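Engineer: File follows, target10.txt with compact mmCIF, C-alpha atoms and all ligand atoms:
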# COMPACT_ATOMS: atom_id res chain seq x y z
CA MET A 1 -51.56 -21.11 11.01
CA GLU A 2 -52.49 -19.99 14.51
CA LEU A 3 -51.31 -16.51 15.53
CA ILE A 4 -48.48 -16.70 18.08
CA VAL A 5 -48.31 -14.00 20.77
CA ALA A 6 -44.75 -13.50 22.03
CA ARG A 7 -44.67 -11.47 25.24
CA ASN A 8 -40.92 -11.47 25.78
CA ARG A 9 -37.69 -12.05 23.87
CA ASP A 10 -37.58 -15.78 24.68
CA ASP A 11 -41.09 -16.33 23.30
CA LEU A 12 -40.08 -14.33 20.26
CA ALA A 13 -36.94 -16.37 19.64
CA LYS A 14 -39.02 -19.57 19.77
CA ALA A 15 -41.75 -18.21 17.49
CA ARG A 16 -39.32 -16.63 15.06
CA GLY A 17 -37.84 -19.87 13.69
CA GLY A 18 -35.35 -19.52 10.87
CA GLY A 19 -37.66 -18.26 8.13
CA ASP A 20 -37.77 -15.22 5.92
CA VAL A 21 -39.46 -12.47 7.96
CA ALA A 22 -41.04 -9.07 7.33
CA LEU A 23 -41.46 -6.89 10.43
CA VAL A 24 -44.13 -4.23 10.95
CA PRO A 25 -43.34 -2.15 14.06
CA THR A 26 -46.42 -0.46 15.62
CA MET A 27 -47.64 1.04 18.85
CA GLY A 28 -50.96 -0.80 18.54
CA ALA A 29 -54.46 0.72 18.30
CA LEU A 30 -54.31 -0.78 14.82
CA HIS A 31 -56.29 0.79 11.97
CA GLU A 32 -56.48 0.50 8.17
CA GLY A 33 -53.09 2.21 7.81
CA HIS A 34 -51.43 -0.51 9.86
CA ARG A 35 -53.39 -3.14 7.93
CA SER A 36 -51.99 -1.84 4.65
CA LEU A 37 -48.45 -2.15 6.07
CA ILE A 38 -49.20 -5.72 7.17
CA ARG A 39 -50.48 -6.60 3.68
CA LEU A 40 -47.37 -5.13 2.11
CA ALA A 41 -45.23 -7.13 4.56
CA ARG A 42 -47.18 -10.27 3.67
CA SER A 43 -46.39 -9.77 -0.02
CA ARG A 44 -42.66 -9.41 0.73
CA ALA A 45 -41.79 -12.36 3.02
CA ASP A 46 -42.91 -15.81 4.18
CA GLN A 47 -43.55 -14.81 7.79
CA VAL A 48 -44.99 -11.53 9.15
CA VAL A 49 -44.12 -10.30 12.63
CA VAL A 50 -46.04 -7.29 14.01
CA SER A 51 -44.65 -5.63 17.11
CA VAL A 52 -47.09 -3.82 19.41
CA PHE A 53 -45.16 -1.70 21.86
CA VAL A 54 -45.90 1.78 23.16
CA ASN A 55 -42.31 2.87 23.48
CA PRO A 56 -41.84 5.11 26.55
CA LEU A 57 -38.48 6.32 25.20
CA GLN A 58 -40.07 8.23 22.32
CA PHE A 59 -42.50 10.27 24.43
CA GLY A 60 -41.51 13.53 26.09
CA PRO A 61 -42.37 14.18 29.77
CA HIS A 62 -45.45 16.24 28.83
CA GLU A 63 -46.64 14.08 25.95
CA ASP A 64 -49.44 11.52 25.77
CA PHE A 65 -47.64 8.29 26.77
CA SER A 66 -50.04 7.45 29.59
CA ARG A 67 -53.17 8.18 27.57
CA TYR A 68 -51.95 6.66 24.30
CA PRO A 69 -54.67 4.17 23.24
CA ARG A 70 -54.00 0.56 24.22
CA THR A 71 -56.41 -1.88 22.54
CA PHE A 72 -54.44 -5.10 22.54
CA GLU A 73 -57.32 -7.60 22.22
CA ALA A 74 -58.73 -5.72 19.22
CA ASP A 75 -55.20 -5.52 17.76
CA LEU A 76 -54.94 -9.30 17.98
CA ASP A 77 -58.22 -9.63 16.06
CA VAL A 78 -56.83 -7.36 13.33
CA CYS A 79 -53.63 -9.41 13.17
CA ARG A 80 -55.57 -12.69 13.00
CA ALA A 81 -57.76 -11.31 10.21
CA GLU A 82 -54.66 -10.23 8.28
CA GLY A 83 -52.90 -13.59 8.67
CA VAL A 84 -50.05 -12.26 10.81
CA ASP A 85 -47.79 -15.06 12.08
CA VAL A 86 -46.37 -13.52 15.26
CA VAL A 87 -47.34 -10.54 17.43
CA PHE A 88 -44.47 -9.37 19.61
CA HIS A 89 -45.89 -7.53 22.62
CA PRO A 90 -43.18 -7.06 25.25
CA SER A 91 -43.47 -5.07 28.45
CA ALA A 92 -41.30 -1.97 28.88
CA GLU A 93 -39.34 -3.87 31.56
CA ASP A 94 -38.66 -6.64 29.10
CA MET A 95 -37.55 -4.27 26.33
CA TYR A 96 -35.32 -2.08 28.46
CA HIS A 97 -32.83 -3.76 30.76
CA PRO A 98 -32.47 -2.15 34.17
CA GLY A 99 -29.24 -0.21 34.22
CA ARG A 100 -29.16 0.26 30.47
CA GLN A 101 -26.78 2.98 29.30
CA VAL A 102 -26.45 2.93 25.56
CA SER A 103 -28.92 4.37 23.09
CA LEU A 104 -28.90 5.93 19.63
CA LEU A 105 -28.60 9.59 18.74
CA SER A 106 -30.53 10.69 15.67
CA GLY A 107 -28.17 13.59 14.96
CA ARG A 108 -29.04 16.97 13.43
CA MET A 109 -31.77 15.40 11.31
CA GLY A 110 -33.52 14.28 14.49
CA GLU A 111 -33.51 17.81 15.91
CA ILE A 112 -35.28 19.65 13.09
CA VAL A 113 -38.95 19.88 12.04
CA GLU A 114 -40.79 17.23 14.12
CA GLY A 115 -37.66 16.78 16.23
CA ALA A 116 -37.65 20.49 17.14
CA SER A 117 -41.13 20.10 18.64
CA ARG A 118 -40.37 16.76 20.27
CA PRO A 119 -36.81 16.80 21.66
CA GLY A 120 -35.41 13.28 22.04
CA HIS A 121 -38.34 11.71 20.17
CA PHE A 122 -36.32 10.37 17.25
CA ASP A 123 -33.52 9.12 19.52
CA GLY A 124 -36.19 7.01 21.24
CA VAL A 125 -37.66 5.86 17.92
CA LEU A 126 -34.30 4.81 16.47
CA THR A 127 -33.26 3.05 19.67
CA VAL A 128 -36.43 0.94 19.79
CA VAL A 129 -36.43 0.26 16.04
CA LEU A 130 -32.82 -0.95 16.13
CA LYS A 131 -33.64 -3.18 19.12
CA LEU A 132 -36.68 -4.60 17.29
CA LEU A 133 -34.57 -5.25 14.18
CA ASN A 134 -31.96 -7.03 16.31
CA LEU A 135 -34.57 -9.11 18.15
CA VAL A 136 -36.69 -10.08 15.14
CA GLN A 137 -33.91 -10.14 12.51
CA PRO A 138 -36.27 -9.50 9.59
CA ARG A 139 -35.11 -9.34 5.99
CA VAL A 140 -37.63 -6.55 5.36
CA ALA A 141 -39.21 -3.95 7.66
CA VAL A 142 -42.22 -1.84 6.64
CA PHE A 143 -42.89 1.74 7.77
CA GLY A 144 -45.53 4.30 6.79
CA GLN A 145 -44.84 7.42 4.78
CA LYS A 146 -47.34 9.02 7.20
CA ASP A 147 -44.36 9.47 9.53
CA ALA A 148 -42.10 10.71 6.75
CA GLN A 149 -39.27 12.06 8.90
CA GLN A 150 -39.24 8.85 10.92
CA LEU A 151 -39.00 6.82 7.70
CA ALA A 152 -36.17 9.03 6.41
CA LEU A 153 -34.29 8.70 9.71
CA ILE A 154 -34.72 4.93 9.76
CA ARG A 155 -33.31 4.74 6.23
CA ARG A 156 -30.42 6.96 7.42
CA MET A 157 -29.80 4.73 10.46
CA VAL A 158 -29.77 1.56 8.34
CA ALA A 159 -27.29 3.15 5.93
CA ASP A 160 -25.10 4.77 8.61
CA LEU A 161 -24.91 1.68 10.85
CA ASP A 162 -24.94 -0.96 8.06
CA VAL A 163 -28.03 -2.66 9.46
CA PRO A 164 -28.76 -5.72 7.28
CA VAL A 165 -32.43 -5.07 6.50
CA GLU A 166 -34.44 -3.70 3.59
CA ILE A 167 -36.64 -0.74 4.57
CA VAL A 168 -39.92 -0.49 2.67
CA GLY A 169 -42.05 2.67 2.77
CA ALA A 170 -45.84 2.39 2.48
CA PRO A 171 -48.28 5.07 1.27
CA THR A 172 -50.50 6.93 3.74
CA VAL A 173 -54.01 5.55 4.12
CA ARG A 174 -56.72 8.23 4.46
CA GLU A 175 -60.39 8.49 5.29
CA PRO A 176 -62.60 9.21 2.26
CA ASP A 177 -62.60 12.91 3.25
CA GLY A 178 -58.79 13.04 3.28
CA LEU A 179 -57.98 12.80 7.00
CA ALA A 180 -54.90 10.59 7.42
CA LEU A 181 -55.65 7.61 9.65
CA SER A 182 -53.98 7.87 13.04
CA SER A 183 -54.38 6.12 16.36
CA ARG A 184 -54.84 9.61 17.83
CA ASN A 185 -57.88 10.45 15.66
CA ARG A 186 -60.13 8.76 18.23
CA TYR A 187 -59.49 11.73 20.55
CA LEU A 188 -61.02 14.20 18.11
CA SER A 189 -64.57 15.41 18.79
CA ALA A 190 -66.83 15.78 15.74
CA ASP A 191 -66.00 19.50 15.66
CA ASP A 192 -62.25 18.88 16.09
CA ARG A 193 -62.42 16.43 13.23
CA GLN A 194 -63.85 19.09 10.92
CA VAL A 195 -61.00 21.43 11.89
CA ALA A 196 -58.46 18.62 11.39
CA LEU A 197 -59.55 18.24 7.77
CA ALA A 198 -57.68 21.48 7.05
CA LEU A 199 -54.40 19.54 7.30
CA SER A 200 -55.02 17.22 4.35
CA ARG A 201 -56.82 20.00 2.48
CA ALA A 202 -53.77 22.25 2.87
CA LEU A 203 -51.47 19.49 1.63
CA ARG A 204 -53.67 18.93 -1.42
CA ALA A 205 -53.72 22.65 -2.16
CA GLY A 206 -49.93 22.78 -1.87
CA ALA A 207 -49.45 19.70 -4.04
CA ALA A 208 -51.41 21.36 -6.86
CA GLU A 209 -48.68 24.03 -7.17
CA ARG A 210 -45.27 23.77 -8.85
CA THR A 211 -42.89 26.19 -7.18
CA PRO A 212 -41.86 26.21 -3.51
CA ALA A 213 -43.28 29.72 -2.93
CA ALA A 214 -46.62 28.81 -4.49
CA VAL A 215 -46.79 25.51 -2.58
CA ARG A 216 -46.11 27.20 0.76
CA ALA A 217 -48.58 30.00 0.04
CA ALA A 218 -51.42 27.74 -1.09
CA ALA A 219 -51.07 25.40 1.90
CA GLY A 220 -50.61 28.27 4.35
CA GLU A 221 -53.77 29.96 3.13
CA VAL A 222 -55.89 26.88 3.81
CA LEU A 223 -54.41 26.50 7.29
CA ALA A 224 -54.99 30.16 8.12
CA ALA A 225 -58.62 29.85 7.00
CA ALA A 226 -59.15 27.03 9.50
CA GLY A 227 -59.22 29.62 12.28
CA PRO A 228 -57.79 29.70 15.80
CA ARG A 229 -58.92 26.20 16.79
CA LEU A 230 -56.14 24.89 14.60
CA ASP A 231 -52.93 25.62 16.49
CA LEU A 232 -50.27 25.25 13.78
CA ASP A 233 -46.92 23.86 14.90
CA TYR A 234 -45.15 23.84 11.52
CA LEU A 235 -45.70 23.79 7.79
CA VAL A 236 -42.47 22.97 5.95
CA LEU A 237 -41.39 22.04 2.46
CA VAL A 238 -38.34 19.81 2.77
CA ASP A 239 -35.97 17.48 0.97
CA PRO A 240 -37.37 13.94 1.47
CA ALA A 241 -34.00 12.45 2.47
CA THR A 242 -32.64 15.17 4.77
CA PHE A 243 -35.71 17.09 5.93
CA THR A 244 -33.96 20.41 5.34
CA GLU A 245 -36.07 23.19 3.77
CA VAL A 246 -35.82 23.33 -0.01
CA GLY A 247 -34.91 26.54 -1.83
CA GLU A 248 -36.90 28.22 -4.60
CA GLU A 249 -34.73 26.62 -7.29
CA HIS A 250 -35.28 23.04 -6.01
CA ALA A 251 -36.42 20.67 -8.75
CA GLY A 252 -37.77 17.17 -8.14
CA GLU A 253 -39.35 15.51 -5.12
CA ALA A 254 -40.06 17.33 -1.89
CA VAL A 255 -42.17 16.62 1.19
CA LEU A 256 -44.75 19.13 2.36
CA ALA A 257 -45.20 18.34 6.06
CA VAL A 258 -47.57 19.81 8.62
CA ALA A 259 -48.16 19.44 12.36
CA ALA A 260 -50.90 21.07 14.39
CA ARG A 261 -52.71 20.77 17.68
CA ILE A 262 -56.49 20.62 17.62
CA GLY A 263 -57.84 20.73 21.16
CA THR A 264 -55.53 18.42 23.09
CA THR A 265 -54.64 16.25 20.10
CA ARG A 266 -51.51 16.78 18.04
CA LEU A 267 -51.68 15.53 14.45
CA ILE A 268 -49.08 15.28 11.68
CA ASP A 269 -49.48 14.70 7.98
CA ASN A 270 -47.45 15.10 4.80
CA VAL A 271 -47.51 14.67 1.06
CA THR A 272 -44.74 14.05 -1.47
CA LEU A 273 -44.82 16.37 -4.48
CA THR A 274 -42.72 17.30 -7.49
CA LEU A 275 -41.31 20.83 -7.67
CA ASN A 276 -40.36 22.79 -10.76
CA PRO A 277 -41.06 19.90 -13.15
CA ALA A 278 -39.22 20.15 -16.49
P1 LIG B 301 -47.73 3.86 15.03
O1 LIG B 301 -48.49 2.69 15.57
O2 LIG B 301 -48.53 5.12 14.94
O3 LIG B 301 -46.37 4.02 15.63
O4 LIG B 301 -47.47 3.51 13.49
C1 LIG B 301 -46.89 2.29 13.12
C2 LIG B 301 -46.58 2.33 11.65
O5 LIG B 301 -47.78 2.56 10.93
C3 LIG B 301 -45.62 3.46 11.28
O6 LIG B 301 -44.70 2.98 10.31
C4 LIG B 301 -46.54 4.50 10.71
O7 LIG B 301 -45.92 5.35 9.78
C5 LIG B 301 -47.60 3.64 10.04
N1 LIG B 301 -48.84 4.39 9.86
C6 LIG B 301 -49.49 5.14 10.78
N2 LIG B 301 -50.58 5.72 10.24
C7 LIG B 301 -50.61 5.35 8.93
C8 LIG B 301 -51.47 5.63 7.82
N3 LIG B 301 -52.53 6.41 7.93
N4 LIG B 301 -51.18 5.06 6.63
C9 LIG B 301 -50.10 4.25 6.49
N5 LIG B 301 -49.25 3.94 7.49
C10 LIG B 301 -49.50 4.48 8.69
Here is the file; what I need is its structure written in the form of C-alpha cells.
Structural biologist:
Amino acid sequence: MELIVARNRDDLAKARGGGDVALVPTMGALHEGHRSLIRLARSRADQVVVSVFVNPLQFGPHEDFSRYPRTFEADLDVCRAEGVDVVFHPSAEDMYHPGRQVSLLSGRMGEIVEGASRPGHFDGVLTVVLKLLNLVQPRVAVFGQKDAQQLALIRRMVADLDVPVEIVGAPTVREPDGLALSSRNRYLSADDRQVALALSRALRAGAAERTPAAVRAAAGEVLAAAGPRLDLDYLVLVDPATFTEVGEEHAGEAVLAVAARIGTTRLIDNVTLTLNPA
C-alpha cells in the first residue's frame, strides 16, 4: 500500500477510512526510537497513522521551537520503510483555528519536575494530543517511556476525560553507549556527546541500588563527576503515576528522571527501577 500524506484534516478524514487504527504522535526528525513505536503500533492495529507536527503550543517563548529539526522528506522515507499507512502533517494554521479559546490544563502534575522547568509545556502537549486523538480516532496510541512524565499525564488525561483510546507505552531506545535517542542529539558536538553520556550512566548507577537514598546518591555522584559542562536541571526519584518524589520507605516501581543542559541543548532521560524489593 502506498503511503498517504494528509496535510490537513480533510485529507486525513479521507485517508482514515473506517479501519482499526494505531496512532504514533511525533514531532518528526524520526529516529530509531520513533521506528520502534511505529513497529509496536503496527503489531497492535490494521492501520498505522504517524503524525508529524512540531506543536508551537508546547514550546516556551525562549525554547527551541524555531530551531527544532524539521526533516520531513527523510521522515517520509522512514515511514515508507516501516510500512506506515498515513502520515498526518498539518500546518499550525490548520491545527489551531484562529480565535481558538479552549485548551487543556495539565493540573498540579503538569507543574512539577519537567513542568516546573517548562511552564505550560504539558498543557500544550495534552491539548495537541487530545486534538490528534479526536482527529484520527485511533483505538490505540503509542508513546515513548523516554518522555515518562508526558506518558503518565496522557494516561491521566485519558482516565480523567474518559477518552476512548488505549495508551501503550514503549521502552526507550538507546545508542550502544547508553545515550537515549532524541531528535535533539544532532545538536551535540562530539565533546558535548561525551558529557551527555553522564545522564544514562547516572541512571544506570542509580538503578543498581535498592533504597531511595542510595539511588539518589549513586546517580548524583555520577552527575557531579561530569563537571561544569553538564548543567543539571533536576534529578528526581518519583512515583511513576503521579511524578511526586518517593519517600525512603517506598517499595515497588519508581522512575529516576534527569534533565540537564549541555551547551545549548537540553536533554532528558529516565529509567524505571524497583525500590526496597522484598
Ligand atoms: P517527539 O518526536 O520527540 O515528540 O517524540 C515522539 C514520540 O517518540 C514520543 O512518544 C516520545 O516519547 C517517543 N520517543 C522519543 N525518543 C524515544 C526513544 N529514544 N525511544 C523510544 N521512544 C522515543
Engineer: Can you build me a table of chain A residues sitting at most 9 Å from ligand LIG 301 (chain B), with the closest atom pair per residue and its distance in Å to one decimal, using only C-alpha atoms and all ligand atoms, sorted by chain and residue number, as JSON lines?
Structural biologist:
{"residue": "A:Val24", "atom": "CA", "partner": "B:LIG301", "partner_atom": "C2", "distance": 7.0}
{"residue": "A:Pro25", "atom": "CA", "partner": "B:LIG301", "partner_atom": "C1", "distance": 5.8}
{"residue": "A:Thr26", "atom": "CA", "partner": "B:LIG301", "partner_atom": "C1", "distance": 3.7}
{"residue": "A:Met27", "atom": "CA", "partner": "B:LIG301", "partner_atom": "O1", "distance": 3.8}
{"residue": "A:Gly28", "atom": "CA", "partner": "B:LIG301", "partner_atom": "O1", "distance": 5.2}
{"residue": "A:Ala29", "atom": "CA", "partner": "B:LIG301", "partner_atom": "O1", "distance": 6.9}
{"residue": "A:Leu30", "atom": "CA", "partner": "B:LIG301", "partner_atom": "O1", "distance": 6.8}
{"residue": "A:His31", "atom": "CA", "partner": "B:LIG301", "partner_atom": "N2", "distance": 7.7}
{"residue": "A:Glu32", "atom": "CA", "partner": "B:LIG301", "partner_atom": "N3", "distance": 7.1}
{"residue": "A:Gly33", "atom": "CA", "partner": "B:LIG301", "partner_atom": "N4", "distance": 3.6}
{"residue": "A:His34", "atom": "CA", "partner": "B:LIG301", "partner_atom": "O5", "distance": 4.9}
{"residue": "A:Arg35", "atom": "CA", "partner": "B:LIG301", "partner_atom": "N5", "distance": 8.2}
{"residue": "A:Ser36", "atom": "CA", "partner": "B:LIG301", "partner_atom": "C9", "distance": 6.6}
{"residue": "A:Leu37", "atom": "CA", "partner": "B:LIG301", "partner_atom": "N5", "distance": 6.3}
{"residue": "A:Val52", "atom": "CA", "partner": "B:LIG301", "partner_atom": "O1", "distance": 7.7}
{"residue": "A:Phe53", "atom": "CA", "partner": "B:LIG301", "partner_atom": "O1", "distance": 8.4}
{"residue": "A:Val54", "atom": "CA", "partner": "B:LIG301", "partner_atom": "O3", "distance": 7.9}
{"residue": "A:Asn55", "atom": "CA", "partner": "B:LIG301", "partner_atom": "O3", "distance": 8.9}
{"residue": "A:Val142", "atom": "CA", "partner": "B:LIG301", "partner_atom": "O6", "distance": 6.5}
{"residue": "A:Phe143", "atom": "CA", "partner": "B:LIG301", "partner_atom": "O6", "distance": 3.4}
{"residue": "A:Gly144", "atom": "CA", "partner": "B:LIG301", "partner_atom": "O7", "distance": 3.2}
{"residue": "A:Gln145", "atom": "CA", "partner": "B:LIG301", "partner_atom": "O7", "distance": 5.5}
{"residue": "A:Lys146", "atom": "CA", "partner": "B:LIG301", "partner_atom": "O7", "distance": 4.7}
{"residue": "A:Asp147", "atom": "CA", "partner": "B:LIG301", "partner_atom": "O7", "distance": 4.4}
{"residue": "A:Ala148", "atom": "CA", "partner": "B:LIG301", "partner_atom": "O7", "distance": 7.2}
{"residue": "A:Gln150", "atom": "CA", "partner": "B:LIG301", "partner_atom": "O7", "distance": 7.6}
{"residue": "A:Leu151", "atom": "CA", "partner": "B:LIG301", "partner_atom": "O6", "distance": 7.4}
{"residue": "A:Gly169", "atom": "CA", "partner": "B:LIG301", "partner_atom": "O6", "distance": 8.0}
{"residue": "A:Ala170", "atom": "CA", "partner": "B:LIG301", "partner_atom": "C9", "distance": 6.1}
{"residue": "A:Pro171", "atom": "CA", "partner": "B:LIG301", "partner_atom": "C9", "distance": 5.6}
{"residue": "A:Thr172", "atom": "CA", "partner": "B:LIG301", "partner_atom": "N4", "distance": 3.5}
{"residue": "A:Val173", "atom": "CA", "partner": "B:LIG301", "partner_atom": "N4", "distance": 3.8}
{"residue": "A:Arg174", "atom": "CA", "partner": "B:LIG301", "partner_atom": "N3", "distance": 5.7}
{"residue": "A:Glu175", "atom": "CA", "partner": "B:LIG301", "partner_atom": "N3", "distance": 8.5}
{"residue": "A:Leu179", "atom": "CA", "partner": "B:LIG301", "partner_atom": "N3", "distance": 8.4}
{"residue": "A:Ala180", "atom": "CA", "partner": "B:LIG301", "partner_atom": "N3", "distance": 4.8}
{"residue": "A:Leu181", "atom": "CA", "partner": "B:LIG301", "partner_atom": "N3", "distance": 3.8}
{"residue": "A:Ser182", "atom": "CA", "partner": "B:LIG301", "partner_atom": "N2", "distance": 4.9}
{"residue": "A:Ser183", "atom": "CA", "partner": "B:LIG301", "partner_atom": "O2", "distance": 6.1}
{"residue": "A:Arg184", "atom": "CA", "partner": "B:LIG301", "partner_atom": "O2", "distance": 8.3}
{"residue": "A:Asp269", "atom": "CA", "partner": "B:LIG301", "partner_atom": "N3", "distance": 8.8}
Engineer: For the point (-54.2, -22.0, 11.5) in file coordinates, what residues are within 12 Å, counting all atoms listed in the file? Give the answer as a tab-separated table (two decimals) with C-alpha atoms, in the frame of the given file?
Structural biologist:
chain	number	residue	atom	x	y	z
A	1	MET	CA	-51.56	-21.11	11.01
A	2	GLU	CA	-52.49	-19.99	14.51
A	3	LEU	CA	-51.31	-16.51	15.53
A	4	ILE	CA	-48.48	-16.70	18.08
A	80	ARG	CA	-55.57	-12.69	13.00
A	81	ALA	CA	-57.76	-11.31	10.21
A	83	GLY	CA	-52.90	-13.59	8.67
A	84	VAL	CA	-50.05	-12.26	10.81
A	85	ASP	CA	-47.79	-15.06	12.08
Engineer: Rank A:His97, A:Arg155, A:Arg139, A:Arg193 by their smallest atom-to-atom distance to Asp46 in chain A, using all atoms listed in the file, and report the top residue only.
Structural biologist: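 Using all atoms listed in the file, the shortest distance to Asp46 in chain A belongs to A:Arg139.
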Engineer: In Å, with one decimal, what is the gap from CA of Leu273 in chain A to CA of Arg229 in chain A?
Structural biologist: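 Those two atoms sit 27.3 Å apart.
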Engineer: In Å, with one decimal, what is the gap from CA of Leu76 in chain A to CA of Arg39 in chain A?
Structural biologist: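 We find that CA of Leu76 in chain A and CA of Arg39 in chain A lie 15.2 Å from each other.
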Engineer: So, counting all atoms listed in the file, which residue among A:Asp192, A:Glu114, A:Glu253, A:Asp123 is closest to Asp233 in chain A?
Structural biologist: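 Closest candidate: A:Glu114.
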Engineer: Considering all atoms listed in the file, can you say which of A:Ala224, A:Ala257, A:Leu275, A:Leu235 comes closest to Arg210 in chain A?
Structural biologist: A:Leu275
Engineer: CA of Ile167 in chain A and CA of Gly107 in chain A are how many Å apart?
Structural biologist: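 Result for CA of Ile167 in chain A versus CA of Gly107 in chain A: 19.6 Å, one decimal.
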Engineer: Using only C-alpha atoms, which of the listed residues (A:His121, A:Met95, A:Glu82, A:Tyr187) sits closest to Pro61 in chain A?
Structural biologist: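 For Pro61 in chain A, the nearest of the given residues is A:His121.
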Engineer: Here is a test: counting only C-alpha atoms, which residue of A:Ala196, A:Asn276, A:Val163, A:Thr242 is nearest to Glu209 in chain A?
Structural biologist: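 Closest residue, counting only C-alpha atoms: A:Asn276.
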Engineer: Any idea what's packed within 10 Å of Ile154 in chain A, counting all atoms listed in the file, ignoring anything in its chain fewer than 6 positions away? Could you give it as an NGL selection string?
Structural biologist: :A and (106 or 122 or 125-126 or 129-130 or 143 or 148 or 160 or 167)
Engineer: Considering all atoms listed in the file, can you say which of A:Val168, A:Val102, A:Ala251, A:Val222 comes closest to Ala152 in chain A?
Structural biologist: A:Val168
Engineer: For Thr264 in chain A, find every residue with an atom within 12 Å (counting all atoms listed in the file), except residues of its own chain fewer than 6 positions away, and show them as an NGL selection string.
Structural biologist: :A and (62-64 or 67 or 184-189 or 192 or 229-231)
Engineer: Could you dump the residues just selected with C-alpha atoms as a compact mmCIF listing (two decimals), in the frame of the given file?
Structural biologist:
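Heads up, here's the output in part18.txt:
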# COMPACT_ATOMS: atom_id res chain seq x y z
CA HIS A 62 -45.45 16.24 28.83
CA GLU A 63 -46.64 14.08 25.95
CA ASP A 64 -49.44 11.52 25.77
CA ARG A 67 -53.17 8.18 27.57
CA ARG A 184 -54.84 9.61 17.83
CA ASN A 185 -57.88 10.45 15.66
CA ARG A 186 -60.13 8.76 18.23
CA TYR A 187 -59.49 11.73 20.55
CA LEU A 188 -61.02 14.20 18.11
CA SER A 189 -64.57 15.41 18.79
CA ASP A 192 -62.25 18.88 16.09
CA ARG A 229 -58.92 26.20 16.79
CA LEU A 230 -56.14 24.89 14.60
CA ASP A 231 -52.93 25.62 16.49
Engineer: If we count all atoms listed in the file and set the cut-off at 8 Å, which residues sit around Val238 in chain A, ignoring sequence neighbours fewer than 2 positions away in its own chain? Please answer as a PDB file with C-alpha atoms, keeping the file's coordinate frame.
Structural biologist:
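Writing the result to part-v2.pdb gives the following:
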ATOM      1  CA  VAL A 236     -42.470  22.970   5.950  1.00  0.00           C
ATOM      2  CA  PRO A 240     -37.370  13.940   1.470  1.00  0.00           C
ATOM      3  CA  THR A 242     -32.640  15.170   4.770  1.00  0.00           C
ATOM      4  CA  PHE A 243     -35.710  17.090   5.930  1.00  0.00           C
ATOM      5  CA  THR A 244     -33.960  20.410   5.340  1.00  0.00           C
ATOM      6  CA  GLU A 245     -36.070  23.190   3.770  1.00  0.00           C
ATOM      7  CA  VAL A 246     -35.820  23.330  -0.010  1.00  0.00           C
ATOM      8  CA  ALA A 254     -40.060  17.330  -1.890  1.00  0.00           C
ATOM      9  CA  VAL A 255     -42.170  16.620   1.190  1.00  0.00           C
ATOM     10  CA  LEU A 256     -44.750  19.130   2.360  1.00  0.00           C
ATOM     11  CA  ALA A 257     -45.200  18.340   6.060  1.00  0.00           C
TER      12      ALA A 257
END
Engineer: Pick out the residues sitting within 10 Å of Leu12 in chain A, and hand them over as number ranges by chain; count all atoms listed in the file, and ignore anything fewer than 2 positions along from it in its own chain.
Structural biologist: A: 4-10, 14-17, 49, 86-90, 135-136
